Structure formats: structure tokens, C-alpha cells
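**Q** Supplied structure: target_23.csv, CSV, C-alpha atoms.
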chain,number,residue,atom,x,y,z
M,1157,MET,CA,132.1,53.0,96.6
M,1158,GLU,CA,131.3,53.3,92.9
M,1159,ASN,CA,130.1,56.7,91.6
M,1160,TYR,CA,127.0,55.1,90.1
M,1161,PHE,CA,124.0,53.5,91.7
M,1162,ASN,CA,123.2,50.2,90.0
M,1163,TYR,CA,124.7,48.2,92.8
M,1164,PHE,CA,121.7,46.1,93.8
M,1165,THR,CA,120.5,45.4,90.2
M,1166,GLU,CA,123.9,44.3,89.0
M,1167,ILE,CA,124.4,41.9,91.9
M,1168,GLU,CA,120.9,40.5,91.6
M,1169,GLU,CA,121.3,39.9,87.8
M,1170,ARG,CA,124.7,38.3,88.2
M,1171,PHE,CA,123.6,35.9,90.9
M,1172,GLN,CA,120.5,34.9,88.9
M,1173,HIS,CA,122.6,34.4,85.8
M,1174,ARG,CA,125.1,32.1,87.5
M,1175,ARG,CA,122.4,30.2,89.3
M,1176,GLY,CA,120.6,29.7,86.0
M,1177,THR,CA,117.1,30.5,87.2
M,1178,GLY,CA,115.1,33.6,88.0
M,1179,LEU,CA,115.1,32.9,91.7
M,1180,LEU,CA,114.0,36.0,93.6
M,1181,LEU,CA,116.4,37.3,96.2
M,1182,SER,CA,115.3,36.7,99.8
M,1183,THR,CA,115.1,39.3,102.6
M,1184,LEU,CA,118.4,37.9,103.8
M,1185,ASP,CA,120.0,38.4,100.4
M,1186,TRP,CA,118.9,42.0,100.1
M,1187,ALA,CA,120.1,42.7,103.7
M,1188,LEU,CA,123.4,41.2,102.8
M,1189,ILE,CA,123.8,43.4,99.8
M,1190,GLU,CA,123.0,46.3,102.0
M,1191,THR,CA,125.8,45.4,104.4
M,1192,TRP,CA,128.3,45.2,101.5
M,1193,LYS,CA,127.2,48.6,100.2
M,1194,ASP,CA,127.4,50.1,103.7
M,1195,ALA,CA,130.9,48.6,104.2
M,1196,GLY,CA,132.1,50.1,100.9
M,1197,VAL,CA,132.6,46.8,99.2
M,1198,PRO,CA,133.1,47.6,95.5
M,1199,LEU,CA,130.6,46.3,93.1
M,1200,GLU,CA,133.4,44.5,91.1
M,1201,ALA,CA,134.5,42.7,94.3
M,1202,VAL,CA,130.9,41.4,94.8
M,1203,LEU,CA,130.7,40.2,91.2
M,1204,ARG,CA,134.1,38.5,91.4
M,1205,GLY,CA,133.1,36.9,94.7
M,1206,ILE,CA,129.9,35.5,93.2
M,1207,ALA,CA,131.8,34.1,90.2
M,1208,ALA,CA,134.5,32.5,92.5
M,1209,ALA,CA,131.8,30.9,94.7
M,1210,PHE,CA,130.0,29.4,91.7
M,1211,ASP,CA,133.2,28.3,90.1
M,1212,ARG,CA,134.2,26.5,93.2
M,1213,TYR,CA,130.7,24.9,93.6
M,1214,GLU,CA,130.6,23.7,90.0
M,1215,LYS,CA,133.8,21.8,90.5
M,1216,ARG,CA,132.0,19.5,92.9
M,1217,PRO,CA,128.4,19.6,91.7
M,1218,SER,CA,125.7,18.2,94.0
M,1219,GLN,CA,121.9,17.9,94.0
M,1220,ARG,CA,121.5,21.0,96.0
M,1221,LYS,CA,121.4,24.5,94.4
M,1222,ILE,CA,123.0,27.7,95.7
M,1223,ASN,CA,119.9,29.4,97.1
M,1224,SER,CA,121.4,32.4,98.8
M,1225,LEU,CA,124.0,35.1,98.2
M,1226,ALA,CA,125.2,34.3,101.7
M,1227,TYR,CA,126.9,31.2,100.2
M,1228,CYS,CA,129.2,33.7,98.4
M,1229,SER,CA,130.0,35.8,101.4
M,1230,GLN,CA,133.6,34.6,102.1
M,1231,GLU,CA,134.6,34.9,98.4
M,1232,VAL,CA,133.1,38.4,98.2
M,1233,LEU,CA,135.1,39.6,101.3
M,1234,ALA,CA,138.2,37.9,99.9
M,1235,ALA,CA,137.8,39.6,96.5
M,1236,ALA,CA,137.3,43.0,98.3
M,1237,GLU,CA,140.5,42.5,100.2
M,1238,GLU,CA,142.4,41.6,97.1
M,1239,MET,CA,141.2,44.7,95.3
M,1240,LYS,CA,142.1,46.8,98.2
M,1241,GLU,CA,145.6,45.5,98.2
M,1242,ALA,CA,145.9,45.9,94.4
M,1243,ALA,CA,144.4,49.4,94.3
M,1244,VAL,CA,146.5,52.2,92.9
M,1245,GLY,CA,145.8,55.9,92.7
M,1246,GLY,CA,145.3,55.9,88.9
M,1247,ALA,CA,142.5,53.3,89.2
M,1248,GLN,CA,140.8,55.4,91.9
M,1249,THR,CA,140.9,58.4,89.7
M,1250,ASP,CA,139.4,56.6,86.7
M,1251,GLU,CA,136.5,55.3,88.9
M,1252,ALA,CA,135.8,58.8,90.3
M,1253,GLU,CA,135.4,60.1,86.7
M,1254,ARG,CA,133.0,57.4,85.7
M,1255,PRO,CA,129.6,58.9,84.8
M,1256,SER,CA,126.6,58.1,86.9
M,1257,GLY,CA,124.2,57.6,83.9
M,1258,PHE,CA,121.4,59.5,85.8
M,1259,GLN,CA,119.4,62.5,84.6
M,1260,ALA,CA,118.1,65.2,86.9
M,1261,ALA,CA,114.5,64.4,85.8
M,1262,GLU,CA,114.9,60.7,86.8
M,1263,ILE,CA,116.2,61.6,90.2
M,1264,ALA,CA,113.3,64.1,90.7
M,1265,ALA,CA,110.7,61.5,89.7
M,1266,PHE,CA,112.3,59.0,92.2
M,1267,LEU,CA,112.2,61.6,95.0
M,1268,ARG,CA,108.5,62.4,94.3
M,1269,ARG,CA,107.5,58.7,94.2
M,1270,ASN,CA,109.2,58.2,97.6
M,1271,ALA,CA,107.5,61.3,99.0
M,1272,GLU,CA,104.1,60.0,97.9
M,1273,GLN,CA,104.7,56.6,99.6
M,1274,LEU,CA,105.8,58.3,102.8
M,1275,ASN,CA,102.7,60.5,102.8
M,1276,SER,CA,100.3,57.6,102.2
M,1277,ALA,CA,101.9,55.2,104.7
M,1278,THR,CA,100.1,54.3,108.0
M,1279,LEU,CA,102.8,54.0,110.6
M,1280,PRO,CA,103.0,52.9,114.3
M,1281,GLU,CA,102.7,55.5,117.1
M,1282,ARG,CA,103.8,55.4,120.7
M,1283,LYS,CA,103.5,58.0,123.4
M,1284,GLY,CA,106.0,60.8,122.6
M,1285,ILE,CA,107.0,59.1,119.3
M,1286,SER,CA,105.3,60.1,116.0
M,1287,VAL,CA,106.7,58.2,113.1
M,1288,GLN,CA,103.9,59.6,111.0
M,1289,ALA,CA,105.0,63.2,111.6
M,1290,LEU,CA,108.6,62.4,110.7
M,1291,ALA,CA,107.4,60.6,107.6
M,1292,ARG,CA,105.5,63.7,106.5
M,1293,GLU,CA,108.4,65.9,107.3
M,1294,THR,CA,110.7,63.7,105.2
M,1295,ALA,CA,108.2,63.6,102.4
M,1296,ALA,CA,108.2,67.4,102.3
M,1297,THR,CA,112.0,67.5,102.2
M,1298,LEU,CA,112.0,65.0,99.2
M,1299,SER,CA,109.4,67.1,97.4
M,1300,GLU,CA,111.5,70.2,97.9
M,1301,LEU,CA,114.5,68.5,96.5
M,1302,ALA,CA,112.5,67.3,93.5
M,1303,ALA,CA,111.2,70.8,92.8
M,1304,SER,CA,114.7,72.2,93.0
M,1305,LEU,CA,115.9,69.7,90.4
M,1306,GLU,CA,112.9,70.4,88.1
M,1307,ALA,CA,113.4,74.1,88.3
M,1308,ARG,CA,117.1,73.8,87.6
M,1309,PRO,CA,117.7,70.5,85.8
M,1310,MET,CA,121.4,70.3,86.4
M,1311,LEU,CA,122.7,67.1,87.9
M,1312,PRO,CA,123.6,67.7,91.5
M,1313,SER,CA,126.5,66.1,93.4
M,1314,LEU,CA,125.2,62.6,93.8
M,1315,GLU,CA,127.5,61.9,96.7
M,1316,ASP,CA,126.1,64.9,98.6
M,1317,LEU,CA,122.5,64.0,97.8
M,1318,GLU,CA,123.1,60.4,98.8
M,1319,ARG,CA,124.5,61.6,102.2
M,1320,LEU,CA,121.4,63.6,102.8
M,1321,LEU,CA,119.1,60.8,101.8
M,1322,THR,CA,121.0,58.4,104.1
M,1323,VAL,CA,120.6,60.8,107.1
M,1324,LEU,CA,116.8,61.1,106.4
M,1325,GLU,CA,116.5,57.3,106.1
M,1326,GLU,CA,118.5,56.7,109.3
M,1327,LYS,CA,116.3,59.1,111.3
M,1328,LEU,CA,113.2,57.3,110.0
M,1329,PHE,CA,114.6,53.9,110.9
M,1330,ALA,CA,115.5,55.0,114.4
M,1331,LEU,CA,112.0,56.3,115.1
M,1332,LEU,CA,110.3,53.3,113.5
M,1333,LEU,CA,112.3,50.9,115.7
M,1334,ALA,CA,111.4,53.0,118.8
M,1335,ALA,CA,107.7,52.8,118.0
M,1336,THR,CA,107.7,49.0,117.3
M,1337,ASP,CA,106.8,46.6,120.0
M,1338,ASP,CA,109.7,44.8,121.6
M,1339,ASP,CA,108.2,41.4,121.0
M,1340,GLU,CA,108.0,42.1,117.3
M,1341,ILE,CA,111.6,43.1,117.1
M,1342,VAL,CA,112.7,40.0,119.0
M,1343,ALA,CA,110.6,37.9,116.6
M,1344,LEU,CA,112.2,39.5,113.6
M,1345,ARG,CA,115.7,39.0,115.0
M,1346,PHE,CA,114.9,35.3,115.6
M,1347,GLU,CA,113.7,35.1,112.0
M,1348,ALA,CA,117.0,36.6,110.9
M,1349,ASP,CA,119.1,34.2,113.0
M,1350,ARG,CA,117.2,31.3,111.6
M,1351,ALA,CA,117.8,32.5,108.0
M,1352,MET,CA,121.5,33.1,108.6
M,1353,ALA,CA,122.1,29.8,110.5
M,1354,PRO,CA,123.4,27.8,107.4
M,1355,TYR,CA,125.9,30.6,106.5
M,1356,ARG,CA,127.2,31.8,109.9
M,1357,SER,CA,130.5,30.0,109.4
M,1358,LYS,CA,131.1,32.0,106.3
M,1359,MET,CA,130.7,35.4,107.9
M,1360,PRO,CA,132.7,37.4,110.5
M,1361,ALA,CA,130.8,38.4,113.7
M,1362,ALA,CA,130.6,42.1,112.7
M,1363,GLN,CA,128.9,41.2,109.4
M,1364,ILE,CA,126.4,38.9,111.2
M,1365,ALA,CA,125.4,41.7,113.5
M,1366,GLN,CA,125.0,44.2,110.6
M,1367,LEU,CA,123.1,41.6,108.6
M,1368,GLN,CA,120.7,41.0,111.4
M,1369,LYS,CA,120.1,44.8,111.7
M,1370,GLN,CA,119.5,45.2,108.0
M,1371,PHE,CA,117.1,42.2,108.0
M,1372,VAL,CA,115.0,43.8,110.7
M,1373,HIS,CA,115.0,47.1,108.8
M,1374,LYS,CA,113.9,45.5,105.6
M,1375,ARG,CA,111.1,43.5,107.2
M,1376,LEU,CA,109.7,46.7,108.9
M,1377,LEU,CA,109.9,48.6,105.6
M,1378,GLU,CA,108.0,45.8,103.9
M,1379,LYS,CA,105.3,45.7,106.6
M,1380,TYR,CA,104.6,49.5,106.4
M,1381,ARG,CA,105.2,49.8,102.7
M,1382,LEU,CA,107.9,52.4,103.1
M,1383,PRO,CA,110.4,53.1,100.3
M,1384,ARG,CA,114.2,53.1,100.5
M,1385,LEU,CA,115.4,56.6,100.0
M,1386,SER,CA,118.9,55.8,98.7
M,1387,LEU,CA,119.8,56.4,95.1
M,1388,PHE,CA,121.0,52.8,95.0
M,1389,TYR,CA,117.3,51.8,94.9
M,1390,MET,CA,116.4,53.9,91.8
Could you quickly redo this structure as C-alpha cells?

**A**
Amino acid sequence: MENYFNYFTEIEERFQHRRGTGLLLSTLDWALIETWKDAGVPLEAVLRGIAAAFDRYEKRPSQRKINSLAYCSQEVLAAAEEMKEAAVGGAQTDEAERPSGFQAAEIAAFLRRNAEQLNSATLPERKGISVQALARETAATLSELAASLEARPMLPSLEDLERLLTVLEEKLFALLLAATDDDEIVALRFEADRAMAPYRSKMPAAQIAQLQKQFVHKRLLEKYRLPRLSLFYM
């Protein structure tokens, strides 16, 4: 995965540019980007896949527009496989040396914003399950990390910080799911299935399962106004 964290923005801008309109990405689109990120699909592979999908579409134009990134799924995975086969050690070294473009103060501000959102969120509770308590605990951790950066404004290892943020986020997701009514989860999965229906033939089964999971996560985050903790969302 790239050593910089503009993954989502780059993909969104490239898709909108090729489509020719400022169409907002859907929940399904954002969930799909998340599955690519989690699978380690390089940003360049996603951008190549989007270009290939639109190039193919434009050779046989129709009245319908490409309205979802899911249309590009096969081309993205193909581009990722091609890059994997063509990869050489020198290219990997160059990528590892690429600067992140972040400043310690920017990261600290991002962490503090997320801590404030977690502290202000009203979250579901079940017997023996306190999402609110975990949210407060997570907010305290983020505030401590921000204070550390502000006290010693040296850029930390972004990979190590991202791993920690991922662990915090996964714990929060797990408890949020456990505290949510089963009927609501079933309804969200049905919504995800319906959104994916036109594109299922373009995706492998593993990706469909992961996409459904990310879709549910994103809907719950939207409902409770919770932030994404990953540096990819800066």
C-alpha cells in the first residue's frame, strides 16, 4: 500500500473527472474503495482500472452513464494483478521512500477532531455492552496521541500510527455491531445486496462479502455520526 494517505480523494476525483460530472460517490462506492484499500490494491492500479473501464465504455457509448465505481471493479482487479506481476524490487524501494506530505500538526488536529466527535456521539447500549464507554476511551487515546505530537512535533511512523488507529477502529466497529438490533443489521445487508445487484457479475465472492461488511459499517457510522479514524480519511 502506498506510503501516503490520499487514496480516497484521488479515486473520487479521478472517477468524477472521467464521468464528467460532480456526482457524489454512494455508500456502495465508498465501501468498495475501502475493500480495495484493505486488500492492498495500489492507488495506481485503481486509477488505471477506472481509466480502462471508461475507455472501454466510451468505445460503445450508450444513453446510460456509469453511475458507480463498481462498474470498474473487474478492471481495477486486473490492473492490480498486472502491477503485481510486473513489480520489481527497485520500484518497491522508490515507493517506500515517497514522502507522505503530512505534518505532525495536521495529524494532531485530525486526531483531536475525531476525539471530539467520539465524545459527543450518542451511541447504542445493550446489557453488558457499552459502546459509549469504548468511544470515550478511544477519544482519550486519540487526545493523548495528539498531545504527544504537539509536544514533540516530529512526524511519527505513519505505518505504526495507522496500525494503532486501525485496531481502535476495529474494536469500535465490533462493539457497535454487537449493540445494534439484529433486524437493523439484516435490513442494512439487504440494502447492500440491492445496491450491489447490478455489479455482482463483476466481483469475486470474497469481494462481495467484504463489500457488504464495509457497507454496513459505513451506514452505522453515518447514523451515529462517528468519524473514520484511519489517516486515509484526513

**Q** Considering all atoms listed in the file, state which residue in the set M:Asn1275, M:Thr1165, M:Ser1229, M:Gln1368 is at the smallest distance from M:Ala1296.

**A** M:Asn1275

**Q** Show which residues sit within 12 Å of M:Ser1304, as a ChimeraX atom specification. Count only C-alpha atoms, and ignore same-chain residues fewer than 2 positions away.

**A** /M:1260-1261,1263-1265,1267-1268,1297-1302,1306-1312

**Q** Pick out the closest residue to M:Leu1314 from this set: M:Leu1387, M:Leu1290, M:Val1372, M:Ala1348. Count all atoms listed in the file.

**A**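 Answer, going by the shortest atom-to-atom distance: M:Leu1387.
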
**Q** For atom CA of M:Phe1164 and atom CA of M:Trp1186, determine how far apart the two atoms are, in Å to one decimal place.

**A**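 Those two atoms sit 8.0 Å apart.
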
**Q** Within 12 Å of (118.1, 56.8, 106.1) (file coordinates; all atoms listed in the file), which protein or nucleic acid residues are there? I'd like them as a PDB file with C-alpha atoms, in the frame of the given file.

**A**
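Resulting contents of point27.pdb:
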ATOM      1  CA  ASP M1194     127.400  50.100 103.700  1.00  0.00           C
ATOM      2  CA  LEU M1290     108.600  62.400 110.700  1.00  0.00           C
ATOM      3  CA  ALA M1291     107.400  60.600 107.600  1.00  0.00           C
ATOM      4  CA  THR M1294     110.700  63.700 105.200  1.00  0.00           C
ATOM      5  CA  LEU M1317     122.500  64.000  97.800  1.00  0.00           C
ATOM      6  CA  GLU M1318     123.100  60.400  98.800  1.00  0.00           C
ATOM      7  CA  ARG M1319     124.500  61.600 102.200  1.00  0.00           C
ATOM      8  CA  LEU M1320     121.400  63.600 102.800  1.00  0.00           C
ATOM      9  CA  LEU M1321     119.100  60.800 101.800  1.00  0.00           C
ATOM     10  CA  THR M1322     121.000  58.400 104.100  1.00  0.00           C
ATOM     11  CA  VAL M1323     120.600  60.800 107.100  1.00  0.00           C
ATOM     12  CA  LEU M1324     116.800  61.100 106.400  1.00  0.00           C
ATOM     13  CA  GLU M1325     116.500  57.300 106.100  1.00  0.00           C
ATOM     14  CA  GLU M1326     118.500  56.700 109.300  1.00  0.00           C
ATOM     15  CA  LYS M1327     116.300  59.100 111.300  1.00  0.00           C
ATOM     16  CA  LEU M1328     113.200  57.300 110.000  1.00  0.00           C
ATOM     17  CA  PHE M1329     114.600  53.900 110.900  1.00  0.00           C
ATOM     18  CA  ALA M1330     115.500  55.000 114.400  1.00  0.00           C
ATOM     19  CA  LEU M1331     112.000  56.300 115.100  1.00  0.00           C
ATOM     20  CA  LEU M1332     110.300  53.300 113.500  1.00  0.00           C
ATOM     21  CA  GLN M1370     119.500  45.200 108.000  1.00  0.00           C
ATOM     22  CA  HIS M1373     115.000  47.100 108.800  1.00  0.00           C
ATOM     23  CA  LEU M1377     109.900  48.600 105.600  1.00  0.00           C
ATOM     24  CA  LEU M1382     107.900  52.400 103.100  1.00  0.00           C
ATOM     25  CA  PRO M1383     110.400  53.100 100.300  1.00  0.00           C
ATOM     26  CA  ARG M1384     114.200  53.100 100.500  1.00  0.00           C
ATOM     27  CA  LEU M1385     115.400  56.600 100.000  1.00  0.00           C
ATOM     28  CA  SER M1386     118.900  55.800  98.700  1.00  0.00           C
ATOM     29  CA  LEU M1387     119.800  56.400  95.100  1.00  0.00           C
TER      30      LEU M1387
END

**Q** When you draw a straight line from atom CA of M:Gln1288 to atom CA of M:Tyr1380, how long is it in Å?

**A** 11.1 Å

**Q** Give the answer as one residue: which of M:Thr1177, M:Thr1183, M:Gln1259, M:Thr1191 has the shortest atom-to-atom distance to M:Ile1364, using all atoms listed in the file?

**A**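 Of M:Thr1177, M:Thr1183, M:Gln1259, M:Thr1191, the one nearest M:Ile1364 is M:Thr1191, counting all atoms listed in the file.
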
**Q** Would you be able to write out as a list of chain:residue names which residues have an atom within 9 Å of (130.9, 46.5, 89.2) in the file's coordinates, counting all atoms listed in the file?

**A**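 The answer, in the requested form, is M:Glu1158, M:Asn1162, M:Tyr1163, M:Glu1166, M:Ile1167, M:Pro1198, M:Leu1199, M:Glu1200, M:Ala1201, M:Val1202, M:Leu1203, M:Arg1204.
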
**Q** For a quick check of understanding, using all atoms listed in the file, which of M:Glu1190, M:Ala1295, M:Ser1357, M:Lys1283 has the smallest distance to M:Tyr1389?

**A**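 The answer is M:Glu1190, which sits nearest to M:Tyr1389.
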
**Q** Can you tell me, as a PyMOL selection string, what residues are no more than 12 Å from stretch 1232-1243 of chain M when counting only C-alpha atoms, ignoring any on the same chain fewer than 5 positions away?

**A** chain M and resi 1157+1167+1188-1189+1191-1193+1195-1210+1225-1227+1248-1251+1358-1360+1363

**Q** In Å, how far is it from atom CA of M:Ser1286 to atom CA of M:Asp1338?

**A**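 That distance, rounded to one decimal, is 16.9 Å.
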
**Q** Which one of M:Ala1335, M:Cys1228, M:Ala1187, M:Ala1289 sits closest to M:Ala1365 if you count only C-alpha atoms?

**A**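 Selected residue with least distance to M:Ala1365: M:Ala1187.
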
**Q** Which residue out of M:Arg1345, M:Arg1356, M:Arg1282, M:Lys1215 has the minimum interatomic distance to M:Gln1230 when only C-alpha atoms are used?

**A**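 For M:Gln1230, the nearest of the given residues is M:Arg1356.
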